[in-house]
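K.L.:
Data file coords_6.txt (compact mmCIF, C-alpha atoms and all ligand atoms) is appended below.
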```txt
# COMPACT_ATOMS: atom_id res chain seq x y z
CA MET A 30 14.72 9.95 -25.60
CA PRO A 31 16.45 7.26 -23.52
CA ARG A 32 14.38 4.21 -22.64
CA VAL A 33 14.09 3.69 -18.88
CA LEU A 34 12.83 0.62 -17.03
CA SER A 35 12.47 -0.06 -13.33
CA GLY A 36 10.45 -2.36 -11.08
CA ILE A 37 9.15 -2.71 -7.55
CA GLN A 38 8.03 -5.81 -5.67
CA PRO A 39 4.55 -5.87 -4.15
CA SER A 40 6.05 -7.83 -1.25
CA GLY A 41 4.80 -5.49 1.49
CA ASP A 42 3.97 -1.86 2.23
CA LEU A 43 6.27 0.44 0.27
CA HIS A 44 8.64 2.37 2.54
CA LEU A 45 10.84 5.47 2.59
CA GLY A 46 13.71 3.55 0.93
CA ASN A 47 11.48 2.58 -1.99
CA TYR A 48 10.26 6.17 -2.23
CA PHE A 49 13.57 8.06 -2.12
CA GLY A 50 15.63 5.29 -3.73
CA ALA A 51 13.22 4.61 -6.59
CA VAL A 52 9.65 5.91 -6.91
CA ARG A 53 10.38 9.63 -6.61
CA ASN A 54 13.00 9.36 -9.35
CA TRP A 55 10.62 7.41 -11.57
CA VAL A 56 8.20 10.32 -11.46
CA ALA A 57 10.94 12.74 -12.53
CA ASP A 58 12.19 10.36 -15.26
CA GLN A 59 8.84 10.00 -17.02
CA GLU A 60 9.25 13.62 -18.20
CA ARG A 61 12.61 13.10 -19.88
CA ALA A 62 12.52 9.45 -20.90
CA ASP A 63 10.41 6.77 -22.53
CA ALA A 64 9.70 5.09 -19.21
CA PHE A 65 8.41 1.59 -18.38
CA TYR A 66 7.58 0.80 -14.75
CA CYS A 67 6.72 -2.67 -13.63
CA ILE A 68 5.14 -4.07 -10.45
CA VAL A 69 7.16 -7.27 -10.23
CA ASP A 70 4.69 -9.72 -8.71
CA LEU A 71 6.64 -12.78 -9.92
CA HIS A 72 9.63 -11.59 -7.89
CA ALA A 73 7.41 -11.28 -4.81
CA LEU A 74 6.71 -15.03 -5.03
CA THR A 75 10.26 -15.59 -3.76
CA THR A 76 8.96 -14.49 -0.32
CA SER A 77 6.34 -16.28 1.82
CA ILE A 78 3.35 -14.32 0.67
CA GLU A 79 -0.31 -15.37 0.86
CA PRO A 80 -2.18 -15.39 -2.49
CA GLY A 81 -4.80 -12.86 -1.36
CA GLN A 82 -2.13 -10.65 0.12
CA LEU A 83 -0.11 -10.70 -3.12
CA ARG A 84 -3.18 -9.73 -5.15
CA ARG A 85 -4.08 -6.91 -2.74
CA GLN A 86 -0.53 -5.60 -2.46
CA THR A 87 -0.13 -5.56 -6.25
CA VAL A 88 -3.06 -3.14 -6.54
CA ASP A 89 -1.87 -1.22 -3.45
CA ALA A 90 1.51 -0.73 -5.12
CA ALA A 91 -0.18 0.56 -8.29
CA CYS A 92 -2.21 3.03 -6.20
CA VAL A 93 0.96 4.28 -4.46
CA LEU A 94 2.82 4.69 -7.75
CA LEU A 95 -0.04 6.61 -9.34
CA ALA A 96 -0.47 8.69 -6.17
CA ALA A 97 3.25 9.50 -6.23
CA GLY A 98 2.73 11.04 -9.66
CA LEU A 99 3.23 8.36 -12.31
CA ASP A 100 1.04 9.39 -15.22
CA PRO A 101 -0.09 6.58 -17.58
CA ASN A 102 -0.13 9.17 -20.40
CA GLN A 103 3.59 9.74 -19.89
CA CYS A 104 4.84 6.29 -18.94
CA THR A 105 3.88 2.62 -19.19
CA LEU A 106 2.86 1.18 -15.81
CA PHE A 107 2.11 -2.55 -15.77
CA VAL A 108 2.17 -5.79 -13.78
CA GLN A 109 5.00 -8.20 -14.63
CA SER A 110 2.87 -11.38 -14.78
CA HIS A 111 0.58 -9.74 -17.36
CA VAL A 112 3.47 -9.96 -19.83
CA PRO A 113 4.38 -13.68 -20.23
CA ALA A 114 7.52 -12.80 -22.22
CA HIS A 115 9.27 -12.06 -18.87
CA GLN A 116 9.14 -15.77 -18.00
CA GLN A 117 9.90 -16.88 -21.55
CA LEU A 118 13.03 -14.76 -21.82
CA THR A 119 14.15 -15.82 -18.34
CA TRP A 120 14.69 -19.37 -19.62
CA LEU A 121 16.88 -18.19 -22.48
CA LEU A 122 18.91 -16.09 -20.03
CA GLU A 123 19.16 -18.95 -17.52
CA CYS A 124 20.87 -20.83 -20.31
CA THR A 125 23.32 -17.91 -20.56
CA ALA A 126 24.07 -17.08 -16.87
CA THR A 127 26.19 -19.39 -14.70
CA VAL A 128 25.64 -20.89 -11.25
CA GLY A 129 28.90 -19.28 -10.10
CA GLU A 130 27.63 -15.83 -11.01
CA LEU A 131 24.33 -16.30 -9.19
CA ARG A 132 26.08 -17.68 -6.10
CA ARG A 133 28.07 -14.46 -5.83
CA MET A 134 24.95 -12.27 -5.48
CA THR A 135 25.03 -10.73 -2.02
CA GLN A 136 21.23 -10.40 -1.85
CA PHE A 137 20.94 -14.17 -2.33
CA LYS A 138 23.57 -14.77 0.35
CA ASP A 139 21.81 -12.36 2.75
CA LYS A 140 18.28 -13.62 2.17
CA GLY A 141 19.11 -17.29 1.51
CA GLY A 142 21.66 -17.66 4.30
CA GLY A 143 23.21 -20.63 2.47
CA GLN A 144 20.35 -22.97 3.48
CA GLU A 145 19.37 -26.01 1.40
CA THR A 146 15.67 -25.21 1.88
CA VAL A 147 15.92 -21.84 0.15
CA ARG A 148 13.70 -21.53 -2.92
CA VAL A 149 15.22 -21.93 -6.38
CA GLY A 150 13.37 -18.74 -7.36
CA LEU A 151 15.39 -16.70 -4.87
CA PHE A 152 18.56 -18.04 -6.49
CA THR A 153 17.46 -17.28 -10.07
CA TYR A 154 15.78 -13.97 -9.15
CA PRO A 155 18.55 -11.86 -10.77
CA VAL A 156 17.98 -13.65 -14.10
CA LEU A 157 14.27 -12.79 -14.06
CA MET A 158 15.32 -9.23 -13.26
CA ALA A 159 17.69 -9.27 -16.25
CA ALA A 160 14.77 -10.41 -18.45
CA ASP A 161 12.59 -7.59 -17.05
CA ILE A 162 15.18 -5.05 -18.17
CA LEU A 163 16.41 -6.53 -21.45
CA LEU A 164 12.91 -7.10 -22.86
CA TYR A 165 12.37 -3.35 -23.02
CA ASN A 166 15.75 -2.42 -24.55
CA ALA A 167 16.28 -0.16 -21.53
CA ASP A 168 19.21 2.27 -21.72
CA GLN A 169 18.91 3.25 -18.07
CA VAL A 170 17.64 1.51 -14.95
CA PRO A 171 16.98 3.79 -11.97
CA VAL A 172 17.53 1.73 -8.78
CA GLY A 173 18.68 2.07 -5.20
CA ASP A 174 22.24 1.16 -4.30
CA ASP A 175 21.18 -2.36 -3.19
CA GLN A 176 20.47 -3.33 -6.81
CA ARG A 177 23.88 -2.29 -8.21
CA GLN A 178 25.22 -5.86 -8.30
CA HIS A 179 22.10 -7.25 -10.03
CA LEU A 180 22.43 -4.56 -12.68
CA GLU A 181 26.06 -5.47 -13.28
CA LEU A 182 24.98 -9.10 -13.78
CA THR A 183 22.28 -8.00 -16.24
CA ARG A 184 24.94 -6.20 -18.26
CA GLU A 185 27.20 -9.25 -18.27
CA ILE A 186 24.37 -11.55 -19.38
CA ALA A 187 23.39 -9.13 -22.17
CA ILE A 188 26.98 -8.80 -23.41
CA ARG A 189 27.52 -12.59 -23.37
CA PHE A 190 24.24 -13.23 -25.20
CA ASN A 191 25.02 -10.55 -27.78
CA ASN A 192 28.54 -11.92 -28.34
CA ARG A 193 27.20 -15.41 -28.91
CA TYR A 194 24.03 -14.70 -30.88
CA GLY A 195 24.42 -11.21 -32.34
CA GLY A 196 23.32 -7.82 -31.01
CA VAL A 197 19.86 -8.62 -29.67
CA PHE A 198 19.91 -6.64 -26.41
CA THR A 199 20.65 -3.07 -25.39
CA VAL A 200 23.25 -3.12 -22.58
CA PRO A 201 21.72 -0.97 -19.80
CA GLU A 202 23.29 1.42 -17.28
CA ALA A 203 22.22 1.74 -13.63
CA THR A 204 21.22 5.24 -12.53
CA ILE A 205 21.59 5.53 -8.77
CA PRO A 206 20.30 8.68 -7.00
CA LYS A 207 22.84 10.90 -5.19
CA VAL A 208 20.61 11.29 -2.12
CA GLY A 209 18.30 8.56 -0.79
CA ALA A 210 20.04 5.69 -2.57
CA ARG A 211 20.34 3.74 0.67
CA VAL A 212 17.79 4.48 3.39
CA MET A 213 18.67 2.51 6.50
CA ASP A 214 16.45 0.84 9.10
CA LEU A 215 15.77 3.34 11.91
CA GLN A 216 16.42 0.74 14.62
CA HIS A 217 19.27 -1.10 12.88
CA PRO A 218 21.04 1.60 10.87
CA GLU A 219 23.66 -0.90 9.70
CA ARG A 220 21.08 -2.56 7.41
CA LYS A 221 18.79 -1.15 4.73
CA MET A 222 15.14 -0.38 5.35
CA SER A 223 13.25 -3.32 3.84
CA LYS A 224 9.70 -4.52 3.18
CA SER A 225 10.26 -8.17 3.92
CA VAL A 226 12.33 -7.89 7.13
CA SER A 227 10.03 -7.35 10.11
CA SER A 228 11.16 -4.18 11.88
CA PRO A 229 7.98 -2.27 12.79
CA LEU A 230 9.79 0.61 14.50
CA GLY A 231 12.65 0.67 12.00
CA THR A 232 10.55 0.88 8.82
CA VAL A 233 8.43 3.87 7.84
CA GLY A 234 5.71 3.21 5.26
CA ILE A 235 5.08 5.78 2.55
CA LEU A 236 1.43 5.97 3.65
CA GLU A 237 2.05 5.99 7.37
CA ALA A 238 0.05 8.42 9.53
CA PRO A 239 1.94 11.61 10.52
CA GLU A 240 1.80 10.71 14.24
CA GLU A 241 3.41 7.35 13.49
CA ILE A 242 6.18 8.97 11.45
CA GLU A 243 6.85 11.36 14.35
CA ARG A 244 6.90 8.50 16.87
CA LYS A 245 9.29 6.35 14.81
CA ILE A 246 11.70 9.19 14.06
CA LYS A 247 11.70 10.16 17.74
CA LYS A 248 12.63 6.58 18.70
CA ALA A 249 15.24 6.22 15.92
CA VAL A 250 18.54 4.82 17.19
CA THR A 251 21.40 7.35 17.25
CA ASP A 252 24.49 7.28 19.49
CA THR A 253 25.72 8.74 22.75
CA ASP A 254 28.41 11.18 21.65
CA GLY A 255 25.91 14.03 21.22
CA GLU A 256 27.59 15.83 18.30
CA VAL A 257 25.57 16.37 15.12
CA ARG A 258 27.76 15.58 12.10
CA TYR A 259 27.36 13.51 8.95
CA ASP A 260 29.54 10.45 9.44
CA PRO A 261 27.92 7.27 8.04
CA GLU A 262 30.81 5.07 9.23
CA SER A 263 30.85 5.93 12.94
CA LYS A 264 27.39 7.55 13.29
CA PRO A 265 25.13 5.51 10.94
CA GLY A 266 21.85 6.30 12.74
CA LEU A 267 22.43 10.05 12.70
CA ALA A 268 23.71 9.95 9.12
CA ASN A 269 20.51 8.16 8.10
CA LEU A 270 18.38 10.91 9.71
CA LEU A 271 20.43 13.62 7.98
CA SER A 272 20.08 11.78 4.66
CA LEU A 273 16.31 11.56 5.11
CA LEU A 274 16.18 15.30 5.83
CA ALA A 275 18.33 15.95 2.76
CA ALA A 276 16.18 13.71 0.58
CA SER A 277 12.96 15.41 1.68
CA THR A 278 14.26 19.00 1.43
CA ASP A 279 16.65 18.69 -1.54
CA GLY A 280 19.56 19.61 0.73
CA ARG A 281 22.97 18.09 1.43
CA PRO A 282 23.38 16.03 4.61
CA GLU A 283 26.85 17.44 5.45
CA GLN A 284 25.54 21.01 5.26
CA LEU A 285 22.29 20.32 7.07
CA ALA A 286 24.26 18.88 10.01
CA GLU A 287 25.74 22.34 10.65
CA ASN A 288 22.27 23.69 11.56
CA TYR A 289 21.91 21.45 14.62
CA ASP A 290 23.41 21.14 18.09
CA ARG A 291 20.94 18.63 19.48
CA TYR A 292 19.63 15.31 18.21
CA GLY A 293 16.11 16.14 19.43
CA ASP A 294 15.84 19.25 17.24
CA LEU A 295 17.11 17.33 14.21
CA LYS A 296 14.58 14.54 14.77
CA LYS A 297 11.72 17.05 14.99
CA ASP A 298 12.72 18.59 11.66
CA VAL A 299 13.21 15.20 9.98
CA ALA A 300 9.71 14.09 10.98
CA ALA A 301 8.16 17.40 9.86
CA ALA A 302 9.99 17.31 6.51
CA LEU A 303 8.96 13.70 5.83
CA ILE A 304 5.32 14.39 6.70
CA GLU A 305 5.31 17.39 4.39
CA ALA A 306 7.06 15.57 1.52
CA LEU A 307 4.59 12.67 1.69
CA ARG A 308 1.40 14.69 2.30
CA PRO A 309 0.32 15.08 -1.39
CA LEU A 310 0.92 11.39 -2.02
CA ARG A 311 -1.22 10.39 0.98
CA GLU A 312 -4.05 12.62 -0.18
CA ARG A 313 -4.03 11.30 -3.77
CA TYR A 314 -3.77 7.72 -2.53
CA ALA A 315 -7.07 8.09 -0.66
CA GLU A 316 -8.81 9.10 -3.92
CA LEU A 317 -7.31 6.24 -5.94
CA ASP A 318 -8.03 3.71 -3.20
CA ALA A 319 -11.71 4.62 -3.50
CA ASP A 320 -11.68 3.85 -7.25
CA ARG A 321 -9.71 0.63 -7.67
CA GLY A 322 -11.68 -0.24 -10.83
CA GLU A 323 -10.02 2.68 -12.57
CA VAL A 324 -6.59 1.59 -11.31
CA LEU A 325 -7.16 -1.90 -12.77
CA ARG A 326 -8.25 -0.37 -16.08
CA LEU A 327 -4.99 1.63 -16.23
CA LEU A 328 -2.96 -1.51 -15.48
CA GLY A 329 -4.76 -3.26 -18.35
CA LEU A 330 -3.79 -0.50 -20.77
CA GLY A 331 -0.20 -0.60 -19.51
CA ALA A 332 -0.03 -4.38 -20.07
CA VAL A 333 -1.10 -3.99 -23.71
CA GLN A 334 1.65 -1.41 -24.35
CA ALA A 335 4.28 -3.45 -22.49
CA ARG A 336 3.41 -6.70 -24.31
CA GLU A 337 3.91 -5.02 -27.66
CA VAL A 338 7.53 -4.10 -26.89
CA ALA A 339 8.34 -7.25 -24.89
CA ASN A 340 6.95 -9.73 -27.44
CA GLU A 341 8.99 -8.13 -30.18
CA THR A 342 12.25 -8.43 -28.21
CA TYR A 343 11.47 -11.98 -27.12
CA ALA A 344 10.79 -13.03 -30.72
CA ARG A 345 14.20 -11.66 -31.77
CA ALA A 346 15.97 -13.45 -28.89
CA ALA A 347 14.14 -16.74 -29.56
CA ASP A 348 15.03 -16.54 -33.23
CA ALA A 349 18.66 -15.72 -32.43
CA VAL A 350 19.13 -18.85 -30.27
CA GLY A 351 17.53 -21.05 -32.94
CA LEU A 352 14.02 -21.70 -31.68
CA LEU A 353 11.81 -22.51 -34.64
CA ALA A 354 9.15 -19.85 -35.25
CA GLU A 355 5.60 -21.17 -35.00
CA PRO A 356 4.60 -22.25 -38.55
N1 LIG A 401 16.43 0.94 1.82
C1 LIG A 401 16.43 1.35 0.56
N2 LIG A 401 17.02 2.52 0.23
C2 LIG A 401 17.00 2.98 -1.05
N3 LIG A 401 16.40 2.32 -2.06
C3 LIG A 401 15.79 1.15 -1.77
N4 LIG A 401 15.10 0.28 -2.53
C4 LIG A 401 14.67 -0.73 -1.76
N5 LIG A 401 15.07 -0.57 -0.49
C5 LIG A 401 15.77 0.61 -0.46
C6 LIG A 401 14.85 0.45 -3.96
O1 LIG A 401 13.45 0.33 -4.17
C7 LIG A 401 13.24 -0.27 -5.45
C8 LIG A 401 12.26 -1.38 -5.35
O2 LIG A 401 12.77 -2.38 -4.52
P1 LIG A 401 12.17 -3.84 -4.58
O3 LIG A 401 10.75 -3.78 -4.28
O4 LIG A 401 12.54 -4.48 -5.86
O5 LIG A 401 12.86 -4.68 -3.50
P2 LIG A 401 14.19 -4.61 -2.74
O6 LIG A 401 15.23 -3.83 -3.42
O7 LIG A 401 14.58 -6.00 -2.39
O8 LIG A 401 13.70 -3.77 -1.53
P3 LIG A 401 12.90 -4.11 -0.26
O9 LIG A 401 11.95 -3.01 -0.02
O10 LIG A 401 13.86 -4.41 0.80
O11 LIG A 401 12.01 -5.34 -0.61
P4 LIG A 401 12.08 -6.80 -0.07
O12 LIG A 401 12.25 -6.69 1.40
O13 LIG A 401 10.76 -7.37 -0.47
O14 LIG A 401 13.24 -7.46 -0.73
C9 LIG A 401 14.60 -0.72 -5.98
O15 LIG A 401 15.06 0.22 -6.93
C10 LIG A 401 15.47 -0.68 -4.77
O16 LIG A 401 16.81 -0.39 -5.10
```
In structure tokens, what does this structure look like?
P.N.:
Amino acid sequence: MPRVLSGIQPSGDLHLGNYFGAVRNWVADQERADAFYCIVDLHALTTSIEPGQLRRQTVDAACVLLAAGLDPNQCTLFVQSHVPAHQQLTWLLECTATVGELRRMTQFKDKGGGQETVRVGLFTYPVLMAADILLYNADQVPVGDDQRQHLELTREIAIRFNNRYGGVFTVPEATIPKVGARVMDLQHPERKMSKSVSSPLGTVGILEAPEEIERKIKKAVTDTDGEVRYDPESKPGLANLLSLLAASTDGRPEQLAENYDRYGDLKKDVAAALIEALRPLRERYAELDADRGEVLRLLGLGAVQAREVANETYARAADAVGLLAEP
């Protein structure tokens, strides 16, 4: 069985991009892989998040993931900060990665905007992400398209470390879904849907009420030429709607476009398909939300399993670089 690892930040309400780009595929992967899924709370500290909000959103994220179908009997679900080896390995990898490599990361350029006041953590974020992955000897990392560059960096760091110190790490591959890999903002279809960018009408939460989903899809930005066809370059808003329909019905956006003459009809079907696809998740979430004690218990069990694997890898890496084992 391949080992799979992926993570999600509890930096806000999870949205359709997180669902179709990541979470839905995690649920499928737990059947065919030895899967580790991590709520990356340390990564969320790179945003301006209130302590209480971070704590609440970490548990919210766990509830969403369990409601989506992650089964703690089939996968290991845990919170990143419960496994201190993530921070320990990050230092070893920071002494392997270079400033030039981190400067080239487009997510840092987009979010940091080249300002002097930007947090160091935002700059070194990809190294923490590399530690998240390498600690678990992951063969595959299911991510949305936006994480492709970070994955490439993880591979380079692993190869460099292995070349210098011997084969400590498994070099992972990114697995990027064919449909839903890049869900765009409904109001600004040139940029991805995101938790941390405020765009209330452009972002649809996984748990959003059906009427809200309908309202947002109805108001989604399209274009004025009136022809329904899948053309992400010149018709990004429409292409995004067709991709959402494809992701929620297991269809192909190019083919689905042929069924429509009018934008209004397409929007109605997109909203209905999204509401239907998310209905079971919303129902299960309500049950889990009412029993957060049980959710915390499951996270505790996940942390124990994760620590076992992570501590073993960290000990090998620490030994390889020459850190003296505790007498
Ligand atoms: N718009 C998206 N389309 C497809 N996949 C997406 N992902 C995120 N946005 C989209 C995928 O969701 C997983 C978890 O993402 P993350 O929480 O690590 O953060 P992110 O990639 O930086 O996404 P966000 O939601 O925009 O968070 P913020 O705003 O907090 O940075 C990843 O697999 C990601 O590819």
K.L.:
Need the shell around region 143-160 of chain A: protein/DNA/RNA residues with any atom at most 8 Å away, counting all atoms listed in the file. Skip same-chain ones fewer than 2 positions apart. Format as a ChimeraX atom specification?
P.N.:
/A:72,74-75,115-116,118-119,122-123,126,131-132,137-138,141,162-164,179-180,182-183,186
K.L.:
Counting all atoms listed in the file, which residue out of A:Ala187, A:Ala339, A:Ala354, A:Val233 sits closest to Leu43 (chain A)?
P.N.:
A:Val233
K.L.:
I'd like the neighbourhood of region 265-282 of chain A as a list in words, where a residue qualifies if any of its atoms comes within 7 Å (using only C-alpha atoms), though same-chain residues fewer than 3 positions away should be ignored.
P.N.:
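After dropping sequence-adjacent residues, the list is Phe49, Val208, Gly209, Val212, Met213, Leu215, Pro218, Glu219, Val250, Thr251, Tyr259, Asp260, Pro261, Glu262, Leu285, Ala286, Val299, Ala302, Leu303 and Ala306 of chain A.
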K.L.:
Under the rule that all atoms listed in the file are counted, which of A:Thr125, A:Ser77, A:Asn166, A:Ser227 is the nearest residue to Asn192 (chain A)?
P.N.:
A:Thr125
K.L.:
Using only C-alpha atoms and all ligand atoms, find the one residue out of A:Leu95, A:Ala90, A:Val172, A:Ala238 that sits nearest to ligand LIG 401 (chain A).
P.N.:
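Of A:Leu95, A:Ala90, A:Val172, A:Ala238, the one nearest ligand LIG 401 (chain A) is A:Val172, counting only C-alpha atoms and all ligand atoms.
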K.L.:
How many Å lie between CA of Glu323 (chain A) and CA of Cys92 (chain A), rounded to one decimal?
P.N.:
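CA of Cys92 (chain A) lies at a distance of 10.1 Å from CA of Glu323 (chain A).
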K.L.:
Mind listing the residues within 7 Å of ligand LIG 401 (chain A), all atoms listed in the file counted, as an NGL selection string?
P.N.:
:A and (35-41 or 43-44 or 46-51 or 73 or 171-176 or 209-213 or 221-226)
K.L.:
Residues within 6 Å of Gly231 (chain A), please, as number ranges by chain. Count all atoms listed in the file; anything in the same chain fewer than 2 positions from it doesn't count.
P.N.:
A: 214-216, 228-229
K.L.:
Quick one, how far is CA of Ile242 (chain A) from CA of Asp254 (chain A)?
P.N.:
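Result for CA of Ile242 (chain A) versus CA of Asp254 (chain A): 24.6 Å, one decimal.
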K.L.:
So how far away is CA of Gly331 (chain A) from CA of Glu185 (chain A), in Å?
P.N.:
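Atom-to-atom, CA of Glu185 (chain A) to CA of Gly331 (chain A), that is 28.8 Å.
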K.L.:
Which residues are near region 54-66 of chain A? Cut-off 10 Å, all atoms listed in the file, ignore same chain within fewer than 2 positions. Put them as a PyMOL selection string.
P.N.:
chain A and resi 30-37+48-52+68-69+94-95+97-109+162+165+167-172+204-206+331+334-335
K.L.:
Name the closest residue to Val112 (chain A) among the candidates A:Leu327, A:Val333, A:Ala349, A:Ala344; distances are taken between atoms, counting all atoms listed in the file.
P.N.:
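Looking only at the distances to Val112 (chain A), the closest residue turns out to be A:Val333.
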K.L.:
Compare A:Arg258, A:Arg184, A:Arg53, A:Arg244 by their minimum atom-to-atom distance to Ala300 (chain A), counting only C-alpha atoms, and give me the closest one.
P.N.:
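The closest residue to Ala300 (chain A) is A:Arg244.
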K.L.:
My list of candidates is A:Glu241, A:Glu337, A:Glu312, A:Glu355. Which is closest to Ala96 (chain A) when distances are computed with only C-alpha atoms?
P.N.:
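The closest residue to Ala96 (chain A) is A:Glu312.
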